[in-house]
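Visitor: The file below is coords_25.txt, compact mmCIF, C-alpha atoms:
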# COMPACT_ATOMS: atom_id res chain seq x y z
CA MET A 1 -5.62 65.71 -46.57
CA SER A 2 -8.09 67.07 -44.06
CA ALA A 3 -8.66 65.36 -40.74
CA PRO A 4 -12.23 64.59 -39.68
CA SER A 5 -13.60 66.19 -36.56
CA PRO A 6 -12.73 64.35 -33.36
CA ARG A 7 -16.43 64.60 -32.52
CA SER A 8 -17.42 62.50 -35.51
CA PRO A 9 -19.83 59.73 -34.43
CA VAL A 10 -18.62 56.17 -33.99
CA VAL A 11 -19.70 53.51 -36.43
CA SER A 12 -23.11 52.32 -35.30
CA LEU A 13 -23.19 48.77 -33.96
CA PRO A 14 -25.71 47.36 -36.47
CA ASP A 15 -23.52 48.65 -39.30
CA GLN A 16 -20.17 47.54 -38.00
CA ARG A 17 -19.35 44.28 -39.74
CA VAL A 18 -15.80 44.88 -38.55
CA ALA A 19 -13.44 42.30 -37.08
CA THR A 20 -10.73 43.82 -34.89
CA VAL A 21 -7.35 42.15 -34.43
CA LEU A 22 -5.09 43.44 -31.67
CA LEU A 23 -1.44 42.45 -32.18
CA ALA A 24 -0.09 42.11 -28.64
CA GLY A 25 2.89 39.82 -29.03
CA GLY A 26 5.78 42.29 -29.02
CA LYS A 27 8.91 41.44 -27.03
CA GLY A 28 10.00 45.05 -26.57
CA SER A 29 13.72 44.26 -26.42
CA ARG A 30 14.68 47.96 -26.22
CA LEU A 31 12.98 48.10 -22.82
CA HIS A 32 15.68 45.68 -21.65
CA ASP A 33 15.10 44.43 -18.08
CA LEU A 34 11.44 45.55 -18.04
CA THR A 35 10.62 43.01 -20.76
CA ALA A 36 13.05 40.24 -19.91
CA ALA A 37 10.10 38.08 -18.84
CA GLU A 38 7.17 40.31 -19.85
CA SER A 39 5.74 41.46 -23.17
CA LYS A 40 5.89 45.12 -24.10
CA PRO A 41 2.07 45.59 -24.11
CA ALA A 42 1.95 44.30 -20.52
CA VAL A 43 4.39 46.92 -19.18
CA HIS A 44 2.82 49.27 -16.65
CA PHE A 45 2.13 52.91 -17.40
CA ALA A 46 1.05 55.70 -15.03
CA GLY A 47 0.24 53.51 -12.06
CA ARG A 48 -1.96 50.48 -12.56
CA ASN A 49 -2.47 50.96 -16.31
CA ARG A 50 -0.68 48.74 -18.79
CA ILE A 51 0.33 49.91 -22.25
CA VAL A 52 -2.18 47.53 -23.87
CA ASP A 53 -5.01 49.24 -21.97
CA PHE A 54 -4.86 52.30 -24.23
CA ALA A 55 -5.76 50.28 -27.33
CA MET A 56 -8.34 48.30 -25.35
CA ALA A 57 -10.00 51.50 -24.06
CA ASN A 58 -10.13 52.81 -27.64
CA VAL A 59 -11.77 49.60 -28.84
CA VAL A 60 -14.41 49.73 -26.12
CA ARG A 61 -15.15 53.44 -26.53
CA SER A 62 -15.44 52.95 -30.31
CA GLY A 63 -18.17 50.35 -29.78
CA LEU A 64 -16.26 47.52 -31.45
CA ASP A 65 -17.48 44.23 -30.06
CA ARG A 66 -15.60 41.50 -31.98
CA LEU A 67 -11.97 41.38 -30.92
CA ILE A 68 -9.20 38.85 -31.50
CA VAL A 69 -6.06 39.39 -29.41
CA ALA A 70 -2.94 37.76 -30.87
CA THR A 71 -0.30 37.28 -28.15
CA GLN A 72 3.11 35.71 -28.54
CA PHE A 73 6.05 36.61 -26.26
CA ALA A 74 5.47 35.97 -22.51
CA PRO A 75 1.68 36.01 -22.89
CA ARG A 76 0.61 34.91 -19.42
CA THR A 77 0.12 38.39 -17.97
CA LEU A 78 -2.05 39.50 -20.89
CA HIS A 79 -4.12 36.30 -20.78
CA ASP A 80 -4.83 37.01 -17.12
CA HIS A 81 -5.19 40.79 -17.35
CA LEU A 82 -7.34 41.31 -20.43
CA PRO A 83 -10.33 39.13 -19.44
CA ALA A 84 -10.22 40.45 -15.87
CA ARG A 85 -9.94 44.11 -16.84
CA TRP A 86 -11.91 44.23 -20.10
CA GLY A 87 -13.93 41.03 -20.40
CA GLN A 88 -17.14 42.61 -19.06
CA HIS A 89 -17.27 44.93 -22.09
CA PHE A 90 -17.71 42.05 -24.54
CA ALA A 91 -20.47 39.52 -25.01
CA ARG A 92 -19.59 35.88 -24.51
CA GLY A 93 -17.10 34.97 -27.23
CA GLY A 94 -16.70 38.62 -28.26
CA MET A 95 -13.06 38.74 -27.13
CA VAL A 96 -10.85 35.82 -28.14
CA LEU A 97 -7.24 35.49 -26.95
CA ARG A 98 -4.90 33.47 -29.16
CA ASP A 99 -1.48 32.38 -27.93
CA GLY A 100 0.92 32.43 -30.86
CA ARG A 101 4.13 31.27 -29.21
CA ASP A 102 6.37 29.56 -31.79
CA ARG A 103 3.76 30.23 -34.50
CA TYR A 104 3.61 33.80 -35.76
CA GLN A 105 6.37 34.83 -38.16
CA GLY A 106 5.33 38.48 -38.39
CA THR A 107 2.39 40.85 -38.10
CA ALA A 108 0.68 39.68 -41.28
CA ASP A 109 1.30 36.05 -40.39
CA ALA A 110 -0.39 36.59 -37.01
CA VAL A 111 -3.53 37.68 -38.83
CA ARG A 112 -3.24 34.77 -41.27
CA CYS A 113 -2.97 32.28 -38.40
CA ASN A 114 -6.18 33.67 -36.89
CA TRP A 115 -8.20 33.89 -40.07
CA ASP A 116 -10.60 31.19 -38.90
CA HIS A 117 -11.79 33.50 -36.11
CA ILE A 118 -11.87 36.51 -38.44
CA GLY A 119 -14.01 34.52 -40.86
CA ASP A 120 -16.42 33.66 -38.05
CA CYS A 121 -17.08 37.41 -37.64
CA ASP A 122 -18.53 37.62 -41.19
CA ALA A 123 -16.85 41.02 -41.47
CA ASP A 124 -16.58 43.39 -44.41
CA GLN A 125 -13.54 45.11 -42.91
CA VAL A 126 -10.66 44.02 -40.68
CA LEU A 127 -9.23 46.59 -38.27
CA VAL A 128 -5.66 45.72 -37.23
CA LEU A 129 -4.22 47.45 -34.17
CA ALA A 130 -0.87 47.56 -32.41
CA ALA A 131 -1.02 47.07 -28.65
CA ASP A 132 2.08 48.99 -27.62
CA HIS A 133 1.39 52.70 -28.10
CA ILE A 134 0.10 55.47 -25.84
CA TYR A 135 -2.76 57.31 -27.56
CA ASP A 136 -6.47 58.11 -27.50
CA MET A 137 -8.46 57.47 -30.67
CA ASP A 138 -12.01 56.84 -31.84
CA TYR A 139 -11.74 54.20 -34.55
CA GLY A 140 -15.24 54.95 -35.89
CA PRO A 141 -14.26 57.92 -38.09
CA LEU A 142 -11.25 55.96 -39.35
CA ILE A 143 -13.51 53.11 -40.47
CA ALA A 144 -15.99 55.56 -42.01
CA ALA A 145 -13.20 57.33 -43.92
CA HIS A 146 -11.93 53.99 -45.18
CA ARG A 147 -15.35 53.00 -46.47
CA ALA A 148 -15.79 56.34 -48.21
CA SER A 149 -12.37 56.13 -49.89
CA GLY A 150 -12.93 52.87 -51.75
CA ALA A 151 -9.37 51.84 -50.86
CA ALA A 152 -8.29 48.28 -50.10
CA VAL A 153 -6.43 49.49 -47.02
CA THR A 154 -6.36 52.68 -44.99
CA VAL A 155 -3.34 53.43 -42.80
CA ALA A 156 -3.73 55.66 -39.73
CA VAL A 157 -0.87 58.18 -39.68
CA ASP A 158 0.65 60.86 -37.51
CA VAL A 159 3.35 63.46 -38.08
CA VAL A 160 6.63 63.18 -36.15
CA ALA A 161 9.97 64.94 -36.19
CA LEU A 162 12.08 63.77 -39.13
CA SER A 163 14.84 62.83 -36.68
CA GLN A 164 12.52 60.22 -35.12
CA ALA A 165 10.97 58.83 -38.29
CA SER A 166 13.45 56.06 -39.06
CA GLY A 167 11.73 53.80 -36.52
CA PHE A 168 8.42 53.84 -38.42
CA GLY A 169 6.86 53.27 -41.81
CA VAL A 170 7.22 56.59 -43.65
CA MET A 171 5.01 57.70 -46.54
CA HIS A 172 4.04 60.41 -48.98
CA THR A 173 0.44 61.06 -50.02
CA ASP A 174 -1.35 63.06 -52.68
CA PRO A 175 -3.73 65.88 -51.60
CA GLY A 176 -6.63 63.41 -51.44
CA GLY A 177 -4.84 61.06 -49.03
CA ARG A 178 -3.82 58.36 -51.52
CA ILE A 179 -0.45 56.91 -50.47
CA LEU A 180 2.11 57.43 -53.22
CA SER A 181 5.14 55.84 -51.54
CA PHE A 182 5.79 53.81 -48.41
CA ARG A 183 9.11 52.80 -46.83
CA GLU A 184 9.32 50.71 -43.68
CA LYS A 185 11.86 52.03 -41.13
CA PRO A 186 14.14 53.76 -43.66
CA ALA A 187 17.61 54.84 -42.58
CA ASP A 188 17.06 58.14 -44.42
CA PRO A 189 13.35 58.92 -44.02
CA PRO A 190 11.83 61.34 -46.54
CA ALA A 191 10.36 64.59 -45.20
CA ILE A 192 6.86 65.89 -45.92
CA PRO A 193 7.09 68.13 -49.00
CA GLY A 194 7.30 71.71 -47.78
CA GLU A 195 7.98 70.60 -44.18
CA PRO A 196 11.65 69.56 -44.17
CA ASP A 197 11.78 68.76 -40.46
CA LYS A 198 8.70 66.49 -40.33
CA ALA A 199 7.63 63.09 -41.65
CA MET A 200 4.31 61.30 -42.02
CA VAL A 201 4.48 57.89 -40.35
CA SER A 202 2.31 54.83 -39.90
CA MET A 203 0.75 54.31 -36.47
CA GLY A 204 0.56 50.55 -37.04
CA ILE A 205 -3.23 50.84 -37.38
CA TYR A 206 -4.84 49.53 -40.57
CA VAL A 207 -8.36 49.04 -41.93
CA PHE A 208 -8.49 46.41 -44.66
CA GLU A 209 -11.24 45.25 -46.93
CA ALA A 210 -11.64 41.69 -45.67
CA ALA A 211 -11.83 40.09 -49.11
CA TRP A 212 -8.71 41.93 -50.33
CA LEU A 213 -6.76 41.04 -47.19
CA ARG A 214 -7.74 37.38 -47.44
CA ASP A 215 -6.44 37.29 -51.00
CA ALA A 216 -3.23 39.12 -50.04
CA LEU A 217 -2.52 36.66 -47.23
CA PHE A 218 -3.47 33.40 -48.92
CA ARG A 219 -2.85 33.69 -52.66
CA GLN A 220 -0.37 31.16 -53.97
CA ASP A 221 2.18 33.59 -55.44
CA THR A 222 3.06 35.15 -52.09
CA HIS A 223 3.32 34.34 -48.43
CA ALA A 224 3.59 37.77 -46.85
CA MET A 225 4.75 37.78 -43.24
CA ASP A 226 4.73 41.47 -42.34
CA PHE A 227 2.36 44.36 -43.01
CA GLY A 228 4.96 47.13 -43.09
CA HIS A 229 7.48 45.30 -45.25
CA GLU A 230 5.19 43.46 -47.65
CA VAL A 231 1.40 43.91 -47.50
CA ILE A 232 1.19 47.71 -47.31
CA PRO A 233 3.90 48.34 -49.97
CA ALA A 234 2.04 45.93 -52.29
CA ALA A 235 -1.20 47.88 -51.85
CA VAL A 236 0.62 51.18 -52.39
CA ALA A 237 2.21 49.91 -55.60
CA LYS A 238 -1.27 49.14 -56.96
CA GLY A 239 -2.72 52.52 -55.88
CA LEU A 240 -5.03 50.84 -53.34
CA ALA A 241 -3.85 52.45 -50.08
CA CYS A 242 -5.03 55.64 -48.38
CA ALA A 243 -3.86 57.50 -45.28
CA TYR A 244 -6.02 58.77 -42.43
CA ARG A 245 -4.44 61.42 -40.24
CA LEU A 246 -4.94 61.15 -36.47
CA PRO A 247 -7.32 63.95 -35.44
CA PRO A 248 -6.32 66.39 -32.68
CA GLY A 249 -7.40 65.48 -29.16
CA PRO A 250 -9.06 67.73 -26.55
CA SER A 251 -5.79 69.67 -26.19
CA GLY A 252 -5.94 70.68 -29.84
CA HIS A 253 -2.90 68.53 -30.63
CA THR A 254 -2.41 64.91 -31.57
CA TYR A 255 -0.79 62.58 -29.06
CA TRP A 256 0.60 59.21 -30.10
CA ARG A 257 3.75 57.80 -28.57
CA ASP A 258 5.72 54.65 -29.25
CA VAL A 259 7.19 53.95 -25.80
CA GLY A 260 9.60 51.36 -27.11
CA THR A 261 12.67 52.62 -25.27
CA LEU A 262 13.33 53.34 -21.61
CA ASP A 263 13.81 57.03 -22.34
CA ALA A 264 10.59 57.25 -24.35
CA LEU A 265 8.66 55.41 -21.63
CA ARG A 266 9.81 57.79 -18.89
CA ARG A 267 9.31 60.91 -21.00
CA SER A 268 5.80 59.87 -21.98
CA HIS A 269 4.96 59.57 -18.28
CA LEU A 270 6.15 63.14 -17.77
CA ASP A 271 3.73 64.34 -20.45
CA PHE A 272 0.93 63.46 -18.02
CA LEU A 273 2.22 65.60 -15.15
CA SER A 274 0.28 68.79 -15.82
CA SER A 275 -2.31 67.58 -18.32
CA HIS A 276 -3.76 64.48 -19.90
CA PRO A 277 -2.74 64.50 -23.58
CA ALA A 278 -4.60 61.18 -23.85
CA ARG A 279 -7.23 59.72 -21.57
CA LEU A 280 -5.82 57.24 -19.10
CA PRO A 281 -7.77 53.96 -19.22
CA ARG A 282 -7.72 53.91 -15.42
CA MET A 283 -7.25 57.19 -13.59
CA SER A 284 -4.37 57.39 -11.14
CA THR A 285 -2.93 60.03 -8.86
CA LEU A 286 0.54 61.40 -9.47
CA SER A 287 1.62 60.07 -6.10
CA GLU A 288 1.12 56.53 -7.44
CA TRP A 289 3.94 56.89 -9.96
CA TYR A 290 5.72 60.26 -9.89
CA LEU A 291 8.71 60.68 -7.59
CA GLY A 292 9.78 64.21 -8.49
CA ARG A 293 13.04 65.13 -10.23
CA ASP A 294 11.57 63.74 -13.47
CA SER A 295 11.62 60.21 -12.02
CA VAL A 296 8.94 57.53 -12.27
CA ALA A 297 8.16 54.55 -10.04
CA MET A 298 6.33 51.52 -11.37
CA PRO A 299 3.85 49.46 -9.31
CA GLY A 300 5.30 47.73 -6.27
CA ALA A 301 8.39 49.93 -6.16
CA LEU A 302 9.21 51.33 -2.71
CA VAL A 303 11.23 54.55 -2.66
CA PRO A 304 12.01 56.20 0.68
CA ALA A 305 11.86 59.97 1.00
CA SER A 306 15.60 60.05 1.75
CA ALA A 307 16.48 58.70 -1.70
CA ARG A 308 17.41 61.29 -4.33
CA LEU A 309 16.67 60.00 -7.82
CA THR A 310 16.96 62.17 -10.93
CA ARG A 311 15.54 61.13 -14.31
CA CYS A 312 15.13 57.54 -13.13
CA LEU A 313 12.71 54.77 -13.94
CA VAL A 314 12.25 52.42 -10.97
CA ALA A 315 11.16 48.95 -12.07
CA PRO A 316 8.19 47.11 -10.51
CA GLY A 317 8.88 45.55 -7.11
CA THR A 318 12.15 47.39 -6.57
CA HIS A 319 13.00 48.39 -2.98
CA VAL A 320 15.26 51.43 -3.11
CA PRO A 321 17.55 51.72 -0.06
CA PRO A 322 17.43 54.86 2.12
CA GLY A 323 19.73 57.64 0.98
CA LEU A 324 20.39 56.24 -2.51
CA VAL A 325 21.53 58.95 -4.94
CA VAL A 326 21.22 58.24 -8.68
CA GLY A 327 21.40 60.61 -11.61
CA GLU A 328 24.10 62.97 -10.35
CA ASP A 329 27.30 61.01 -11.01
CA ALA A 330 27.32 59.44 -14.46
CA HIS A 331 30.43 57.33 -13.75
CA GLU A 332 28.98 55.88 -10.55
CA ASP A 333 25.57 55.28 -12.14
CA ALA A 334 27.17 53.40 -15.03
CA ARG A 335 28.71 50.90 -12.61
CA TRP A 336 25.36 49.62 -11.40
CA PHE A 337 22.44 50.77 -13.53
CA ARG A 338 21.28 50.82 -17.16
CA ARG A 339 21.18 54.15 -18.97
CA ASP A 340 19.20 55.02 -22.11
CA ARG A 341 19.93 58.59 -23.20
CA ASP A 342 18.78 60.68 -20.20
CA THR A 343 16.96 57.85 -18.42
CA ILE A 344 18.42 55.53 -15.78
CA LEU A 345 16.69 52.25 -15.04
CA ILE A 346 16.87 50.86 -11.50
CA THR A 347 15.85 47.26 -10.83
CA GLN A 348 16.04 45.06 -7.74
CA ALA A 349 18.62 42.83 -9.40
CA MET A 350 20.84 45.85 -10.04
CA LEU A 351 20.55 46.98 -6.43
CA ASP A 352 21.30 43.46 -5.17
CA ARG A 353 24.42 43.33 -7.33
CA ARG A 354 25.47 46.75 -6.06
CA ASP A 355 25.01 45.67 -2.45
CA ALA A 356 26.99 42.47 -3.00
CA MET A 357 29.93 44.29 -4.58
CA ARG A 358 30.04 47.32 -2.31
CA LEU A 359 31.34 45.72 0.90
CA PRO A 360 31.25 47.82 4.05
CA VAL A 361 34.63 49.32 4.94
CA SER A 362 35.01 47.14 8.02
CA ALA A 363 34.27 43.96 6.04
CA ALA A 364 36.67 44.99 3.29
CA ALA A 365 39.41 45.71 5.84
CA GLN A 366 38.93 42.33 7.48
CA THR A 367 39.11 40.63 4.10
CA ALA A 368 42.39 42.40 3.37
CA MET A 369 44.04 41.52 6.73
CA PRO A 370 46.61 38.68 6.58
CA ARG A 371 45.49 35.51 8.25
CA GLN A 372 47.09 34.78 11.65
CA ASP A 373 47.36 31.19 12.77
CA VAL A 374 46.20 30.47 16.29
CA ALA A 375 48.97 28.87 18.37
Show me this structure written as structure tokens.
Guide:
Amino acid sequence: MSAPSPRSPVVSLPDQRVATVLLAGGKGSRLHDLTAAESKPAVHFAGRNRIVDFAMANVVRSGLDRLIVATQFAPRTLHDHLPARWGQHFARGGMVLRDGRDRYQGTADAVRCNWDHIGDCDADQVLVLAADHIYDMDYGPLIAAHRASGAAVTVAVDVVALSQASGFGVMHTDPGGRILSFREKPADPPAIPGEPDKAMVSMGIYVFEAAWLRDALFRQDTHAMDFGHEVIPAAVAKGLACAYRLPPGPSGHTYWRDVGTLDALRRSHLDFLSSHPARLPRMSTLSEWYLGRDSVAMPGALVPASARLTRCLVAPGTHVPPGLVVGEDAHEDARWFRRDRDTILITQAMLDRRDAMRLPVSAAAQTAMPRQDVA
């Protein structure tokens, strides 16, 4: 399956007839404290960017002007941020935010619940996007490839190490790109034939024929809730699904990262130290977020020069005390902070707990002294 040139033109506006749905309701539980009261797409990345901004920048650069954003978990930040940051790129009514708290039962159900707005777009195709990945993509060639294929659905794919593939939808294709098999998050992911250490995985980006998708979501014999578990496998079983491989970026390589864990989030930041594997939606200087020693500070974090942090992720609004050393004593770190593989998360609540439990020597000695009654 050959990848189209990254310089392929975008779909022209008069020809679009595409409704875009951005699924931005993810809780991101593997980011732990960072998403305790915030959705995963709203998490900051490389300074003032938020993860959702990568998909939004792709939508704008691709010339897509009819967007429905389906939010769910802790949506307030996104409902404030998206109109303020991106609203000027859409005509009045071109970007619609839909709060799905206590409504959506899965990715497919989120699209079903918003079908009234999709229908208003009078679209031939529906482009469905995930809002929680770091990548740079022109959706125009994807849409063009879908139209040329005659498929009911086209799945954007990338190649990852086989050891990482169990977190994604994994597939096999024929030489023409037709998907022959699809398994959602398999415990034993199949490798690409001839490449035993690699797997082809879904990016969570789909182009559907609108009429086919409407039938798949609303026909009486099914009530599909999820794309990866139900809708895509059904299309594959009928021979109606094709794959579109993410083209290489300016570096000559593809770059698509699911930053769903603390370790993945920190490591993806480090990819931007010496180059930009994907365009940042809003440019930032390294001093805004990089601390040295492979550590990253998020907006509002204050880290004095006397602190020595190694492979740390400092949460927003955290005030690190002078002289703090983290990342050199695993036993001590484990007492106070959260660790995910090589990454240590530091939050203000963790530091407050540490301060409360680490009494000064003088205070501890006074507490231990026996009480003497005054005569």
Visitor: Leaving out Asp158 of chain A and any residue of its chain fewer than 3 positions from it, which residues lie within 9 Å of it when counting all atoms listed in the file, given as a list in words?
Guide: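 Once the nearby chain positions are removed, what remains is Ala199, Met200, Val201, Ser202, Met203, Tyr244, Arg245, Leu246, Pro247, Thr254, Tyr255 and Trp256 of chain A.
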Visitor: Considering only C-alpha atoms, can you say which of A:Val69, A:Thr154, A:Leu22, A:Asp109 comes closest to Thr222 of chain A?
Guide: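 Nearest candidate to Thr222 of chain A out of A:Val69, A:Thr154, A:Leu22, A:Asp109: A:Asp109.
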Visitor: May I have the residues within 10 Å of Ala211 of chain A as a list of chain:residue names, using all atoms listed in the file and disregarding those fewer than 4 positions away in the same chain?
Guide: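 That gives A:Ala123, A:Asp124, A:Gln125, A:Val126, A:Ala152, A:Asp215, A:Ala216.
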Visitor: How about saving the chosen residues, C-alpha atoms kept, as an mmCIF file, keeping the file's coordinate frame?
Guide:
data_model
loop_
_atom_site.group_PDB
_atom_site.id
_atom_site.type_symbol
_atom_site.label_atom_id
_atom_site.label_comp_id
_atom_site.auth_asym_id
_atom_site.auth_seq_id
_atom_site.Cartn_x
_atom_site.Cartn_y
_atom_site.Cartn_z
ATOM 1 C CA ALA A 123 -16.850 41.020 -41.470
ATOM 2 C CA ASP A 124 -16.580 43.390 -44.410
ATOM 3 C CA GLN A 125 -13.540 45.110 -42.910
ATOM 4 C CA VAL A 126 -10.660 44.020 -40.680
ATOM 5 C CA ALA A 152 -8.290 48.280 -50.100
ATOM 6 C CA ASP A 215 -6.440 37.290 -51.000
ATOM 7 C CA ALA A 216 -3.230 39.120 -50.040
#
Visitor: Distance cut-off 10 Å, centre (11.9, 60.7, -0.9) in file coordinates, counting only C-alpha atoms: which residues qualify? Return them as a VMD selection string.
Guide: chain A and resid 291 to 292 302 to 309 322 to 324
Visitor: Find the residue from A:Ser287, A:Thr318, A:Thr347, A:Thr107 that sits nearest to Gly228 of chain A; use all atoms listed in the file when measuring.
Guide: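 The shortest atom-to-atom distance to Gly228 of chain A comes from A:Thr107.
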Visitor: If we draw a sphere of 12 Å around (11.5, 49.1, -7.1), which residues have at least one atom in it when counting only C-alpha atoms? Please report them as number ranges by chain.
Guide: A: 34, 289, 291, 296-304, 312-321, 345-352
Visitor: Ranking A:Leu265, A:Ile118, A:Ala241, A:Val325 by minimum distance to Arg341 of chain A and counting all atoms listed in the file, which one comes first?
Guide: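 Closest residue, counting all atoms listed in the file: A:Leu265.
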Visitor: For a quick check of understanding, using all atoms listed in the file, which of A:Asp226, A:Asp174, A:Asp33, A:Asp271 has the smallest distance to Arg112 of chain A?
Guide: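 Smallest separation from Arg112 of chain A among the options: A:Asp226.
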Visitor: If you measure from atom CA of Gly119 of chain A to atom CA of Arg214 of chain A, what distance in Å do you get, rounded to one decimal?
Guide: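 Value for the atom CA of Gly119 of chain A-atom CA of Arg214 of chain A distance: 9.5 Å.
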Visitor: Looking at all atoms listed in the file, which of A:Cys242, A:Asp294, A:Leu127, A:Leu217 is the one that sits closest to Ser268 of chain A?
Guide: A:Asp294
Visitor: Report the distance between atom CA of Ala24 of chain A and atom CA of Lys185 of chain A in Å, rounded to one decimal place.
Guide: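 Between these atoms lies a distance of 19.9 Å.
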Visitor: What would the file be for segment 190-224 of chain A if you keep C-alpha atoms and write it as an mmCIF file, in the first residue's frame?
Guide:
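Output below, filename part-v3.cif:
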data_model
loop_
_atom_site.group_PDB
_atom_site.id
_atom_site.type_symbol
_atom_site.label_atom_id
_atom_site.label_comp_id
_atom_site.auth_asym_id
_atom_site.auth_seq_id
_atom_site.Cartn_x
_atom_site.Cartn_y
_atom_site.Cartn_z
ATOM 1 C CA PRO A 190 -0.335 -9.859 15.042
ATOM 2 C CA ALA A 191 2.794 -8.586 13.295
ATOM 3 C CA ILE A 192 2.956 -7.241 9.750
ATOM 4 C CA PRO A 193 3.776 -10.174 7.453
ATOM 5 C CA GLY A 194 7.504 -10.096 6.791
ATOM 6 C CA GLU A 195 8.088 -7.550 9.592
ATOM 7 C CA PRO A 196 7.915 -9.595 12.806
ATOM 8 C CA ASP A 197 8.710 -6.689 15.119
ATOM 9 C CA LYS A 198 6.106 -4.235 13.754
ATOM 10 C CA ALA A 199 2.329 -3.902 13.631
ATOM 11 C CA MET A 200 -0.097 -1.768 11.641
ATOM 12 C CA VAL A 201 -2.442 0.078 13.999
ATOM 13 C CA SER A 202 -5.436 2.374 13.805
ATOM 14 C CA MET A 203 -4.847 6.051 14.575
ATOM 15 C CA GLY A 204 -8.468 6.488 15.654
ATOM 16 C CA ILE A 205 -9.118 8.509 12.483
ATOM 17 C CA TYR A 206 -11.891 7.336 10.154
ATOM 18 C CA VAL A 207 -13.588 8.568 6.985
ATOM 19 C CA PHE A 208 -17.066 7.100 6.546
ATOM 20 C CA GLU A 209 -19.573 7.300 3.765
ATOM 21 C CA ALA A 210 -22.321 9.221 5.540
ATOM 22 C CA ALA A 211 -25.169 7.038 4.282
ATOM 23 C CA TRP A 212 -23.379 3.816 5.290
ATOM 24 C CA LEU A 213 -22.523 5.184 8.735
ATOM 25 C CA ARG A 214 -26.094 6.337 9.339
ATOM 26 C CA ASP A 215 -27.334 2.846 8.547
ATOM 27 C CA ALA A 216 -24.658 1.228 10.740
ATOM 28 C CA LEU A 217 -25.586 3.423 13.701
ATOM 29 C CA PHE A 218 -29.369 3.373 13.429
ATOM 30 C CA ARG A 219 -30.481 0.089 11.872
ATOM 31 C CA GLN A 220 -32.764 -1.934 14.110
ATOM 32 C CA ASP A 221 -30.663 -5.106 14.325
ATOM 33 C CA THR A 222 -27.744 -3.420 16.071
ATOM 34 C CA HIS A 223 -26.956 -0.630 18.464
ATOM 35 C CA ALA A 224 -23.194 -0.282 18.092
#
